[in-house]
Each structure stands twice: as C-alpha cells, then as structure tokens.
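Colleague: Can you read through this structure? Questions will come right after.
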Amino acid sequence: MLAPRAQICASVSSGQQQENSEIYELRTHDVKPGKLDVYIKTCIAGVHLRTVHSEMIGFWTVDMGGLNKVFHLWKYDSFEHRKRVSTALLQDKAWQDVMSTLVTFLDKMDVEIAYIMPWSQLGKTAETGGVYELVSFEMKPGGPELWGEALKSFINSQVCPGYANLIGVFHTEYGLLDRVHVLWWHKDPDRRAAGKRVAQEDPQVEAAVREFTRCLVSRKNMLLIPASFSPLQ
C-alpha cells in the first residue's frame, strides 16, 4: 500500500524547479541465456559489498518486455559523490572480485544518469509481493521545457484518481537524451490490467494522453520482479 492518494497527487502537482543535485544511475544488464540464476546468486552473495558505498533504490529482473535482463537503480548526492564512489569501488578488492565473476555472465551493460522530475518524488510501497512496471518514453527533442507540462498532466491523470501507484519519474541527463523513465508499482499484473481498462474510459485521462502523445516519439514497458535483496519490494 502506498501513501494516501491525496498526498501522492499533491506531490506530483507541485510546480517546483530542479533545486537539488541528487542524481540516479539506471543500469541495465543483459545476461547470457541460461546464466540468470547464477548471476542472481552471485549478486546475493556479494551485493553487501556494493551497498556500503552508495544507496541502492531497487534491483529487478525483467519478467515481461525483455529476456534475460536485469535492471537496477542507484542514488547519489551529486556527480562528485558518484565519482568518489566509483573511485572507492575500484579500490575495493572484494567487490572487484565479485564484479570479475559477474561480467562473465553478461552480454551487455548499459548505464544512464537521470534526475527525478522536480514535481515528482521517490515513492515507496508499504506492501511486499507486488510487481513493478518501467515505462520508457522517448520524447521529441527539446527537453522538459518542451514536454514537461504534458508529461506532468499525463502522470497526474493516472495517479490522482488512483489508477496507478507511482514510484518515480526520471529524465535522462546522460544516455539517450529526451528519454523519460516512469516506475510504477502494481499489486499484480491483473490489477495493473484492470486499472488500465478503467483509466482508458476516463475522459480526463483520454485528454491528457492525447496532449502527451503530441510530444512522444516512442514508448516501451517492462514488467519487473524485485530481487530478494532489493530495497523496493
């Protein structure tokens, strides 16, 4: 269970500008076929060596929308903080030993650096056992100054009536620019589908979607299952 709907709605309807230096690192690992189980077991054994250096927000395997993929999210106070962490990790022999094993299971690694949208905030669930949905939007060039208000209205149209439970809205600073990642939480995939059906019949949602899609190039989603050691469960 998340915070009351009114509180969530208030958090996404504020018009604040970016005022802090916090950044988020979004990592995607493509795991070799047949190696996902041993990859996760290696993470379970060694993740404590990584989390002493910086805060993990969540760690998930992809259940639908991709095969053999792992997605994890990290938070830093600033770019300088991330630089210090990177230096410390390179000097941490125990963690480097874990990484030297992990990379043998990978086909590809990708990293993006993002800010959380200033009118959003990082949410958490009070329940465990749910699933997460990561929806990635490629927006028209121009940045939040061009499409930010349409994005906010679209998110608000889902959150305020209680059709979906928002965790965070992130826009990339490094990686593919004009990309937005929206992280949602659902009790289960069937509840997600039911909420979507109801939302599609709401005229306010329809209007917000129509305006938002004028700024949209493409979109993709993935259903995520939290790992046993993920802070977000």
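Quick note on naming: the chains in the structure tokens go A, B, ... in the order shown, residues restart at 1 in each chain, and ligands are numbered from 1 in order of appearance.
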I need the residues of segment 68-196 of chain A that end up classed as alpha helix (DSSP H) by DSSP on the backbone, written out as a short mmCIF file (atom, residue, chain, number, x, y, z; two decimals) with C-alpha atoms, in the first residue's frame.
Modeller:
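states_3.cif, freshly written:
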```cif
data_model
loop_
_atom_site.label_atom_id
_atom_site.label_comp_id
_atom_site.auth_asym_id
_atom_site.auth_seq_id
_atom_site.Cartn_x
_atom_site.Cartn_y
_atom_site.Cartn_z
CA PHE A 79 28.13 13.90 -9.63
CA GLU A 80 31.05 14.40 -7.25
CA HIS A 81 29.57 11.82 -4.89
CA ARG A 82 29.27 9.33 -7.76
CA LYS A 83 32.91 9.99 -8.72
CA ARG A 84 34.07 9.28 -5.16
CA VAL A 85 32.03 6.07 -5.09
CA SER A 86 33.47 4.92 -8.41
CA THR A 87 37.00 5.51 -7.11
CA ALA A 88 36.26 3.62 -3.90
CA LEU A 89 34.78 0.68 -5.82
CA LEU A 90 37.89 0.37 -7.98
CA GLN A 91 39.97 0.19 -4.80
CA LYS A 93 39.33 -5.70 -3.94
CA ALA A 94 36.47 -7.79 -2.54
CA TRP A 95 33.94 -6.01 -4.77
CA GLN A 96 36.24 -6.20 -7.78
CA ASP A 97 36.43 -9.96 -7.28
CA VAL A 98 32.62 -10.13 -7.37
CA MET A 99 32.48 -7.95 -10.49
CA SER A 100 35.07 -10.07 -12.26
CA THR A 101 32.70 -13.01 -11.84
CA LEU A 102 29.52 -11.09 -12.73
CA PRO A 144 11.36 19.19 -20.15
CA GLU A 145 10.88 22.81 -21.17
CA LEU A 146 9.04 21.48 -24.24
CA TRP A 147 7.19 18.42 -22.92
CA GLY A 148 7.41 18.64 -19.12
CA GLU A 149 3.92 20.04 -18.51
CA ALA A 150 2.28 17.48 -20.81
CA LEU A 151 4.16 14.71 -19.01
CA LYS A 152 3.09 16.03 -15.61
CA SER A 153 -0.57 16.21 -16.68
CA PHE A 154 -0.39 12.67 -18.06
CA ILE A 155 1.13 11.29 -14.84
CA ASN A 156 -1.36 13.23 -12.72
CA SER A 157 -4.26 11.79 -14.69
CA GLN A 158 -3.14 8.30 -13.66
CA VAL A 159 -2.12 8.98 -10.06
CA PRO A 189 -0.29 -7.91 -13.40
CA ASP A 190 -4.06 -8.49 -13.39
CA ARG A 191 -4.64 -5.46 -11.14
CA ARG A 192 -2.47 -3.44 -13.49
CA ALA A 193 -4.56 -4.53 -16.48
CA ALA A 194 -7.82 -3.77 -14.65
CA GLY A 195 -6.63 -0.30 -13.67
CA LYS A 196 -5.60 0.41 -17.24
#
```
Colleague: What are the closest atom pairs, with distances in Å to one decimal, for all residues of segment 16-65 of chain A lying within 10 Å of segment 169-183 of chain A? Consider only C-alpha atoms, order rows by chain and residue number, and present the result as CSV.
Modeller:
```
residue,atom,partner,partner_atom,distance
A:Ile23,CA,A:Glu173,CA,9.0
A:Tyr24,CA,A:Phe170,CA,8.2
A:Glu25,CA,A:Thr172,CA,9.5
A:Leu26,CA,A:Thr172,CA,9.3
```
Colleague: In terms of the shortest atom-to-atom distance over only C-alpha atoms, which of A:Leu134, A:Ser78, A:Lys124, A:Ala227 is closest to Leu36 of chain A?
Modeller: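 Checking each candidate against Leu36 of chain A, we get A:Ala227 as the closest.
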Colleague: How many Å lie between atom CA of Glu55 of chain A and atom CA of Lys220 of chain A, rounded to one decimal?
Modeller: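 Calculated distance between atom CA of Glu55 of chain A and atom CA of Lys220 of chain A is 26.7 Å.
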Colleague: For Gly143 of chain A, which of A:Val209, A:Val62, A:Val111, A:Leu216 is the closest residue, counting only C-alpha atoms?
Modeller: A:Leu216
Colleague: Just checking: using only C-alpha atoms, which residue out of A:Ala207, A:Pro141, A:Ile225, A:Phe105 ends up closest to Lys41 of chain A?
Modeller: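 Closest to Lys41 of chain A of all the choices is A:Phe105.
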Colleague: For Val70 of chain A, list every protein, DNA or RNA residue within 8 Å, evaluated using only C-alpha atoms, and leave out those in the same chain fewer than 4 positions away; present the list as a PyMOL selection string.
Modeller: chain A and resi 28-31+59-62
Colleague: Could you write out the selected residues, including N, CA, C and O atoms, as a compact mmCIF listing (two decimals), in the first residue's frame?
Modeller:
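What ended up in part-v6.txt:
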```
# COMPACT_ATOMS: atom_id res chain seq x y z
N THR A 28 21.22 -1.28 -16.80
CA THR A 28 20.57 -2.43 -17.41
C THR A 28 21.64 -3.43 -17.80
O THR A 28 22.60 -3.08 -18.52
N HIS A 29 21.52 -4.66 -17.32
CA HIS A 29 22.45 -5.73 -17.66
C HIS A 29 21.72 -6.77 -18.51
O HIS A 29 20.65 -7.25 -18.12
N ASP A 30 22.28 -7.08 -19.66
CA ASP A 30 21.79 -8.18 -20.48
C ASP A 30 22.59 -9.42 -20.13
O ASP A 30 23.81 -9.47 -20.36
N VAL A 31 21.92 -10.41 -19.56
CA VAL A 31 22.58 -11.62 -19.06
C VAL A 31 22.56 -12.69 -20.15
O VAL A 31 21.58 -12.83 -20.89
N PHE A 59 16.41 -3.32 -7.33
CA PHE A 59 17.10 -4.28 -8.20
C PHE A 59 16.06 -5.29 -8.65
O PHE A 59 15.40 -5.93 -7.83
N TRP A 60 15.90 -5.42 -9.98
CA TRP A 60 14.81 -6.24 -10.53
C TRP A 60 15.30 -7.11 -11.68
O TRP A 60 16.23 -6.74 -12.40
N THR A 61 14.63 -8.23 -11.87
CA THR A 61 14.75 -8.98 -13.12
C THR A 61 13.53 -8.66 -13.98
O THR A 61 12.45 -8.35 -13.46
N VAL A 62 13.72 -8.72 -15.29
CA VAL A 62 12.64 -8.41 -16.23
C VAL A 62 11.83 -9.67 -16.48
O VAL A 62 12.37 -10.69 -16.91
```
Colleague: Could you pull the residues within 7 Å of Val217 of chain A, counting only C-alpha atoms, minus those fewer than 3 positions along the same chain, as a PyMOL selection string?
Modeller: chain A and resi 138-140
Colleague: Output C-alpha atoms for every residue in that selection, as a short mmCIF file (atom, residue, chain, number, x, y, z; two decimals), in the first residue's frame.
Modeller:
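Output file again.cif is given in full below:
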```
data_model
loop_
_atom_site.label_atom_id
_atom_site.label_comp_id
_atom_site.auth_asym_id
_atom_site.auth_seq_id
_atom_site.Cartn_x
_atom_site.Cartn_y
_atom_site.Cartn_z
CA GLU A 138 11.35 8.83 -25.99
CA MET A 139 10.17 12.41 -26.25
CA LYS A 140 10.59 14.95 -29.03
#
```
Colleague: Select, from A:Val38, A:Val198, A:Ile44, A:Val205, the residue with the minimum atom-to-atom distance to Ser230 of chain A, counting only C-alpha atoms.
Modeller: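 For Ser230 of chain A, the nearest of the candidates is A:Ile44.
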Colleague: Tell me, in Å to one decimal, how far atom CA of Pro203 of chain A is from atom CA of Ala164 of chain A.
Modeller: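 Computing it gives 16.3 Å between the two atoms.
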Colleague: Taking only C-alpha atoms into account, which of A:Asp202, A:Ser21, A:Asp92, A:Asp77 comes nearest Arg50 of chain A?
Modeller: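 Nearest to Arg50 of chain A: A:Asp92.
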Colleague: If you measure from atom CA of Leu67 of chain A to atom CA of Asp37 of chain A, what distance in Å do you get, rounded to one decimal?
Modeller: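 So the two atoms, atom CA of Leu67 of chain A and atom CA of Asp37 of chain A, lie 13.1 Å apart.
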Colleague: Would you please work out which residue, of A:Ser54, A:Ser136, A:Thr128, A:Gln121, is nearest to Lys75 of chain A when using only C-alpha atoms?
Modeller: A:Ser54
